[in-house]
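> Quick one: the structure is below, questions incoming.
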Amino acid sequence: MKKIGVLTSGGDAPGMNAAIRAVVRTGVSKGIQVVGVIEGFNGLTEGKFQDLGTRDVSNILQRGGTILKSARSKAFRTTEGRKQAFENVKKEGLEGLIVIGGNGSFAGASIFYNEYAVPYIGIPGTIDNDLFGTDFTLGFDTACNTVIEAVDRVKDTAASHNRLFFIEVMGRDSGYIALTTGIATGAEEILLPETATNVDDLIARLEKAQTNRKNSSIVIVAEGDDGGGAYAIAEKVKEKYIQYDTRVTILGHVQRGGRSSAIDRVLGCRSGHAAVEAILATKSDIMVGVLNNEIIETPVSDTISKTKPLPQHLFHIKEDLTI
């Protein structure tokens, strides 16, 4: 194998640039030409390629986002679009792909592999940390640190004004960010997509907190919570619970940006290096992840079909620490 492509797909995540840099420099060190695919699978269908050398990826390790850009490709979801992508892959002389992204990205890459036998290795890049086969995904740690910093600031004003804050974090289908940051910030309650929300129970717990002489409360809400999100839940609570001045903060896409943390930088370096070694070993249709701090390879069929459960011990920790 002499020439491979690397692309980022789906939502951007801090640490993607570290992985791109590792793929390029590992490839160059092993005598392989690395080509960047601009705008993910959209770039494959439109033939957007850029040769990458060691100097092209200098000074990107710390940067958030992705220098290769990302896009949701409608064309690649069609048979015709994937056929055009394959023609572009052949024309460019790519013998394999490194795909950095999440569940949807891997599903698309797997279909492409089954149709045209283009080898690929997946690197888990999503702030949601919801991929089976890895303890952590690129961007999760940085996103959590961003949330924690924001919530710490909100707690200052909440305590000053005897307020109840509902803070909505990302997590349409997964509560990893909410659960982790809720514990890290000492939130009174954490509402997740994986658990049903009962407003009456929530109010009872908030009243108990006030009985324990807490002068403010923070509720972390994952955007995919079945209660309808932070605004909807806050309105229901305000109808029955007037003791606090209730406010809502939506952190939104600020969670995706910013300089990547040390953990995400090292994870990107390890993942990119492992992905190149795997594709050179003629492996394909797998994701390289980290379990128990060791690189592990997981079939993409498992990654996209199996659910990664939330750590149950964190629920017990949360219950004991919010008294």
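Following the order of the structure tokens, chains are lettered A, B, ..., residues in each are numbered from 1, and ligands are numbered from 1.
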Distance table requested - stretch 29-60 of chain A against stretch 259-280 of chain A, cut-off 10 Å, only C-alpha atoms: one row per qualifying residue with the closest atom pair and its distance in Å to one decimal, ordered by chain and rising residue number, as CSV.

```
residue,atom,partner,partner_atom,distance
A:Lys30,CA,A:Val276,CA,9.3
A:Ile32,CA,A:Leu280,CA,9.6
A:Ile60,CA,A:Arg259,CA,10.0
```
> Out of stretch 20-194 of chain A, which residues get strand (DSSP E) from DSSP, as a ChimeraX atom specification?
/A:33-37,49-52,97-101,120-124,163-169,189-191
> Can you list every residue in stretch 258-292 of chain A that DSSP puts in helix (DSSP H, G or I), as number ranges by chain?
A: 262-280
> Quick check, in Å to one decimal: how far apart do atom CA of A:Ser73 and atom CA of A:Leu61 lie?
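Those two atoms sit 26.2 Å apart.
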> Using only C-alpha atoms, which of the listed residues (A:Thr79, A:Ser58, A:Thr322, A:Thr298) sits closest to A:Ile190?
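Using only C-alpha atoms, A:Ile190 sits closest to A:Thr322.
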> So which one's closest to A:Asn293, A:Asp226, A:Thr134, A:Val147, A:Tyr231? Using only C-alpha atoms, please.
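The answer is A:Thr134, which sits nearest to A:Asn293.
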> Mind dumping a table of every stretch 146-210 of chain A residue within 12 Å of stretch 233-256 of chain A, with the nearest atom pair and its distance in Å to one decimal, using only C-alpha atoms, sorted by chain and rising number, as JSON lines?

```
{"residue": "A:Thr146", "atom": "CA", "partner": "A:Gln255", "partner_atom": "CA", "distance": 5.9}
{"residue": "A:Val147", "atom": "CA", "partner": "A:Gln255", "partner_atom": "CA", "distance": 6.5}
{"residue": "A:Ile148", "atom": "CA", "partner": "A:Gln255", "partner_atom": "CA", "distance": 10.1}
{"residue": "A:Glu149", "atom": "CA", "partner": "A:Gln255", "partner_atom": "CA", "distance": 10.5}
{"residue": "A:Ala150", "atom": "CA", "partner": "A:Leu251", "partner_atom": "CA", "distance": 8.1}
{"residue": "A:Val151", "atom": "CA", "partner": "A:Leu251", "partner_atom": "CA", "distance": 9.4}
{"residue": "A:Arg153", "atom": "CA", "partner": "A:Thr249", "partner_atom": "CA", "distance": 11.6}
{"residue": "A:Val154", "atom": "CA", "partner": "A:Thr249", "partner_atom": "CA", "distance": 8.8}
{"residue": "A:Lys155", "atom": "CA", "partner": "A:Thr249", "partner_atom": "CA", "distance": 11.6}
{"residue": "A:Thr157", "atom": "CA", "partner": "A:Arg247", "partner_atom": "CA", "distance": 10.9}
{"residue": "A:Ala158", "atom": "CA", "partner": "A:Arg247", "partner_atom": "CA", "distance": 9.0}
{"residue": "A:Ala159", "atom": "CA", "partner": "A:Tyr244", "partner_atom": "CA", "distance": 11.0}
{"residue": "A:Ser160", "atom": "CA", "partner": "A:Asp245", "partner_atom": "CA", "distance": 11.4}
{"residue": "A:His161", "atom": "CA", "partner": "A:Asp245", "partner_atom": "CA", "distance": 7.9}
{"residue": "A:Asn162", "atom": "CA", "partner": "A:Tyr244", "partner_atom": "CA", "distance": 6.3}
{"residue": "A:Arg163", "atom": "CA", "partner": "A:Asp245", "partner_atom": "CA", "distance": 4.7}
{"residue": "A:Leu164", "atom": "CA", "partner": "A:Thr246", "partner_atom": "CA", "distance": 4.7}
{"residue": "A:Phe165", "atom": "CA", "partner": "A:Arg247", "partner_atom": "CA", "distance": 4.9}
{"residue": "A:Phe166", "atom": "CA", "partner": "A:Val248", "partner_atom": "CA", "distance": 4.8}
{"residue": "A:Ile167", "atom": "CA", "partner": "A:Thr249", "partner_atom": "CA", "distance": 4.8}
{"residue": "A:Glu168", "atom": "CA", "partner": "A:Ile250", "partner_atom": "CA", "distance": 4.8}
{"residue": "A:Val169", "atom": "CA", "partner": "A:Leu251", "partner_atom": "CA", "distance": 5.8}
{"residue": "A:Met170", "atom": "CA", "partner": "A:Gly252", "partner_atom": "CA", "distance": 6.6}
{"residue": "A:Gly171", "atom": "CA", "partner": "A:Gly252", "partner_atom": "CA", "distance": 10.2}
{"residue": "A:Arg172", "atom": "CA", "partner": "A:Gly252", "partner_atom": "CA", "distance": 11.6}
{"residue": "A:Ile177", "atom": "CA", "partner": "A:Gln255", "partner_atom": "CA", "distance": 10.0}
{"residue": "A:Ala178", "atom": "CA", "partner": "A:Leu251", "partner_atom": "CA", "distance": 11.7}
{"residue": "A:Thr181", "atom": "CA", "partner": "A:Gln255", "partner_atom": "CA", "distance": 11.9}
{"residue": "A:Leu191", "atom": "CA", "partner": "A:Ile233", "partner_atom": "CA", "distance": 9.9}
{"residue": "A:Thr197", "atom": "CA", "partner": "A:Ile233", "partner_atom": "CA", "distance": 9.1}
{"residue": "A:Asn198", "atom": "CA", "partner": "A:Ile233", "partner_atom": "CA", "distance": 9.7}
{"residue": "A:Val199", "atom": "CA", "partner": "A:Val237", "partner_atom": "CA", "distance": 6.8}
{"residue": "A:Asp200", "atom": "CA", "partner": "A:Val237", "partner_atom": "CA", "distance": 8.3}
{"residue": "A:Asp201", "atom": "CA", "partner": "A:Val237", "partner_atom": "CA", "distance": 10.5}
{"residue": "A:Leu202", "atom": "CA", "partner": "A:Val237", "partner_atom": "CA", "distance": 8.3}
{"residue": "A:Ile203", "atom": "CA", "partner": "A:Val237", "partner_atom": "CA", "distance": 6.8}
{"residue": "A:Ala204", "atom": "CA", "partner": "A:Tyr241", "partner_atom": "CA", "distance": 9.6}
{"residue": "A:Arg205", "atom": "CA", "partner": "A:Tyr241", "partner_atom": "CA", "distance": 11.4}
{"residue": "A:Leu206", "atom": "CA", "partner": "A:Tyr241", "partner_atom": "CA", "distance": 9.0}
{"residue": "A:Glu207", "atom": "CA", "partner": "A:Tyr241", "partner_atom": "CA", "distance": 8.5}
{"residue": "A:Ala209", "atom": "CA", "partner": "A:Tyr244", "partner_atom": "CA", "distance": 11.8}
{"residue": "A:Gln210", "atom": "CA", "partner": "A:Gln243", "partner_atom": "CA", "distance": 9.1}
```
> Would you write out those residues with N, CA and C atoms, as a compact mmCIF listing (two decimals), in the first residue's frame?

```txt
# COMPACT_ATOMS: atom_id res chain seq x y z
N THR A 146 -15.09 21.94 28.91
CA THR A 146 -15.77 23.18 28.53
C THR A 146 -17.06 23.36 29.32
N VAL A 147 -17.83 22.27 29.43
CA VAL A 147 -19.07 22.32 30.20
C VAL A 147 -18.80 22.64 31.66
N ILE A 148 -17.79 21.98 32.23
CA ILE A 148 -17.48 22.18 33.64
C ILE A 148 -17.11 23.64 33.92
N GLU A 149 -16.31 24.22 33.05
CA GLU A 149 -15.94 25.63 33.24
C GLU A 149 -17.16 26.53 33.20
N ALA A 150 -18.08 26.27 32.26
CA ALA A 150 -19.28 27.09 32.15
C ALA A 150 -20.19 26.92 33.37
N VAL A 151 -20.37 25.68 33.81
CA VAL A 151 -21.25 25.43 34.95
C VAL A 151 -20.67 26.05 36.23
N ARG A 153 -19.05 28.72 36.47
CA ARG A 153 -19.35 30.16 36.42
C ARG A 153 -20.83 30.40 36.75
N VAL A 154 -21.70 29.55 36.22
CA VAL A 154 -23.13 29.70 36.48
C VAL A 154 -23.42 29.49 37.96
N LYS A 155 -22.71 28.57 38.60
CA LYS A 155 -22.95 28.30 40.03
C LYS A 155 -22.69 29.53 40.88
N THR A 157 -23.24 32.68 40.12
CA THR A 157 -24.39 33.59 40.08
C THR A 157 -25.64 32.93 40.67
N ALA A 158 -25.75 31.61 40.55
CA ALA A 158 -26.89 30.89 41.14
C ALA A 158 -26.89 31.05 42.65
N ALA A 159 -25.73 30.91 43.27
CA ALA A 159 -25.62 31.05 44.71
C ALA A 159 -25.87 32.48 45.16
N SER A 160 -25.47 33.44 44.34
CA SER A 160 -25.62 34.85 44.71
C SER A 160 -27.07 35.30 44.69
N HIS A 161 -27.90 34.64 43.89
CA HIS A 161 -29.29 35.09 43.72
C HIS A 161 -30.33 34.05 44.10
N ASN A 162 -29.92 32.98 44.78
CA ASN A 162 -30.88 31.94 45.19
C ASN A 162 -31.66 31.41 44.00
N ARG A 163 -30.92 31.05 42.96
CA ARG A 163 -31.56 30.62 41.71
C ARG A 163 -31.43 29.13 41.46
N LEU A 164 -32.38 28.63 40.68
CA LEU A 164 -32.35 27.27 40.18
C LEU A 164 -32.02 27.33 38.69
N PHE A 165 -30.90 26.75 38.30
CA PHE A 165 -30.47 26.78 36.91
C PHE A 165 -30.64 25.41 36.26
N PHE A 166 -31.28 25.40 35.10
CA PHE A 166 -31.30 24.22 34.24
C PHE A 166 -30.29 24.47 33.13
N ILE A 167 -29.28 23.64 33.05
CA ILE A 167 -28.23 23.82 32.06
C ILE A 167 -28.26 22.66 31.07
N GLU A 168 -28.53 22.98 29.82
CA GLU A 168 -28.64 21.93 28.80
C GLU A 168 -27.31 21.71 28.11
N VAL A 169 -26.91 20.44 28.05
CA VAL A 169 -25.67 20.06 27.39
C VAL A 169 -25.99 19.14 26.22
N MET A 170 -25.02 18.93 25.34
CA MET A 170 -25.24 18.07 24.18
C MET A 170 -25.38 16.61 24.61
N GLY A 171 -26.07 15.86 23.79
CA GLY A 171 -26.33 14.46 24.07
C GLY A 171 -27.74 14.10 23.63
N ARG A 172 -27.94 14.03 22.32
CA ARG A 172 -29.27 13.73 21.78
C ARG A 172 -29.69 12.30 22.11
N ILE A 177 -22.00 13.00 28.47
CA ILE A 177 -21.55 14.34 28.86
C ILE A 177 -22.31 14.82 30.09
N ALA A 178 -23.62 14.65 30.08
CA ALA A 178 -24.44 15.13 31.20
C ALA A 178 -24.07 14.42 32.49
N THR A 181 -20.33 15.46 33.60
CA THR A 181 -20.20 16.85 34.06
C THR A 181 -21.11 17.14 35.25
N LEU A 191 -30.42 14.89 34.20
CA LEU A 191 -31.50 14.30 33.40
C LEU A 191 -30.93 13.78 32.09
N THR A 197 -37.80 10.95 32.85
CA THR A 197 -37.85 12.11 33.73
C THR A 197 -39.25 12.28 34.29
N ASN A 198 -39.34 12.31 35.61
CA ASN A 198 -40.60 12.55 36.29
C ASN A 198 -40.49 13.89 37.02
N VAL A 199 -41.27 14.87 36.57
CA VAL A 199 -41.15 16.22 37.10
C VAL A 199 -41.49 16.27 38.59
N ASP A 200 -42.48 15.51 39.02
CA ASP A 200 -42.83 15.51 40.44
C ASP A 200 -41.69 14.98 41.29
N ASP A 201 -41.04 13.92 40.83
CA ASP A 201 -39.89 13.40 41.56
C ASP A 201 -38.74 14.41 41.58
N LEU A 202 -38.56 15.10 40.45
CA LEU A 202 -37.51 16.12 40.38
C LEU A 202 -37.78 17.23 41.39
N ILE A 203 -39.01 17.69 41.47
CA ILE A 203 -39.36 18.75 42.42
C ILE A 203 -39.15 18.28 43.85
N ALA A 204 -39.52 17.04 44.13
CA ALA A 204 -39.34 16.51 45.49
C ALA A 204 -37.87 16.52 45.88
N ARG A 205 -37.00 16.18 44.94
CA ARG A 205 -35.57 16.16 45.25
C ARG A 205 -35.02 17.59 45.42
N LEU A 206 -35.55 18.52 44.63
CA LEU A 206 -35.12 19.91 44.78
C LEU A 206 -35.58 20.48 46.12
N GLU A 207 -36.78 20.11 46.54
CA GLU A 207 -37.28 20.57 47.84
C GLU A 207 -36.45 19.98 48.98
N ALA A 209 -33.32 19.26 48.76
CA ALA A 209 -32.06 20.01 48.75
C ALA A 209 -32.23 21.34 49.48
N GLN A 210 -33.38 21.99 49.28
CA GLN A 210 -33.61 23.25 49.96
C GLN A 210 -33.77 23.04 51.47
```
> Taking a cut-off of 7 Å and counting only C-alpha atoms, can you build a table that, for each residue of stretch 216-320 of chain A near stretch 105-125 of chain A, reports the nearest atom pair and how far apart they are in Å (one decimal), sorted by chain then residue number, as a tab-separated table?

```
residue	atom	partner	partner_atom	distance
A:Ser271	CA	A:Ile123	CA	6.3
A:Ala275	CA	A:Ile121	CA	5.9
A:Ile279	CA	A:Ile121	CA	6.5
A:Ser284	CA	A:Tyr120	CA	5.1
A:Asp285	CA	A:Tyr120	CA	5.9
A:Ile286	CA	A:Ile121	CA	5.5
A:Met287	CA	A:Gly122	CA	4.3
A:Val288	CA	A:Ile123	CA	5.7
A:Gly289	CA	A:Pro124	CA	6.8
A:Val300	CA	A:Phe106	CA	6.7
A:Ile304	CA	A:Ala107	CA	6.6
```
> Would you mind exporting C-alpha atoms of the selected residues as a CSV table (one decimal), in the first residue's frame?

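Everything below was put into out31.csv:
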```csv
chain,number,residue,atom,x,y,z
A,271,SER,CA,-5.6,6.4,17.4
A,275,ALA,CA,-5.1,3.2,12.4
A,279,ILE,CA,-4.5,-0.6,7.4
A,284,SER,CA,-10.3,-3.3,7.3
A,285,ASP,CA,-13.9,-2.6,8.5
A,286,ILE,CA,-12.7,-2.1,12.1
A,287,MET,CA,-12.5,0.7,14.5
A,288,VAL,CA,-9.4,1.4,16.7
A,289,GLY,CA,-10.4,2.3,20.2
A,300,VAL,CA,-17.5,-1.8,12.8
A,304,ILE,CA,-22.8,0.5,14.9
```
> Counting only C-alpha atoms, figure out which residue out of A:Glu92, A:Glu194, A:Glu297, A:Glu319 gets nearest to A:Glu46.
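Counting only C-alpha atoms, the residue closest to A:Glu46 is A:Glu92.
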> Within 6 Å of A:Arg21, counting only C-alpha atoms, which residues qualify if same-chain residues fewer than 3 places away don't, as a count of residues only?
3
> Interatomic distance between atom CA of A:Thr8 and atom CA of A:Gly65?
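Here the two named atoms are 9.8 Å from each other.
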> Show which residues sit within 9 Å of A:Asp302, as a VMD selection string. Count only C-alpha atoms, and ignore same-chain residues fewer than 5 positions away.
chain A and resid 132 to 133 307
> Please, could you write that set of residues out with C-alpha atoms as a PDB file, in the first residue's frame?

```
ATOM      1  CA  PHE A 132     -19.233   0.686  21.512  1.00  0.00           C
ATOM      2  CA  GLY A 133     -15.678  -0.650  21.585  1.00  0.00           C
ATOM      3  CA  THR A 307     -25.139   0.143  22.539  1.00  0.00           C
TER       4      THR A 307
END
```
> Ranking A:Val34, A:Ala184, A:Leu44, A:Ala19 by minimum distance to A:Leu321 and counting only C-alpha atoms, which one comes first?
A:Ala184
> Of the residues A:Gly43, A:Gly36, A:Gly228, A:Gly182, which is the one nearest to A:Ile67, using only C-alpha atoms?
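Closest to A:Ile67, using only C-alpha atoms: A:Gly36.
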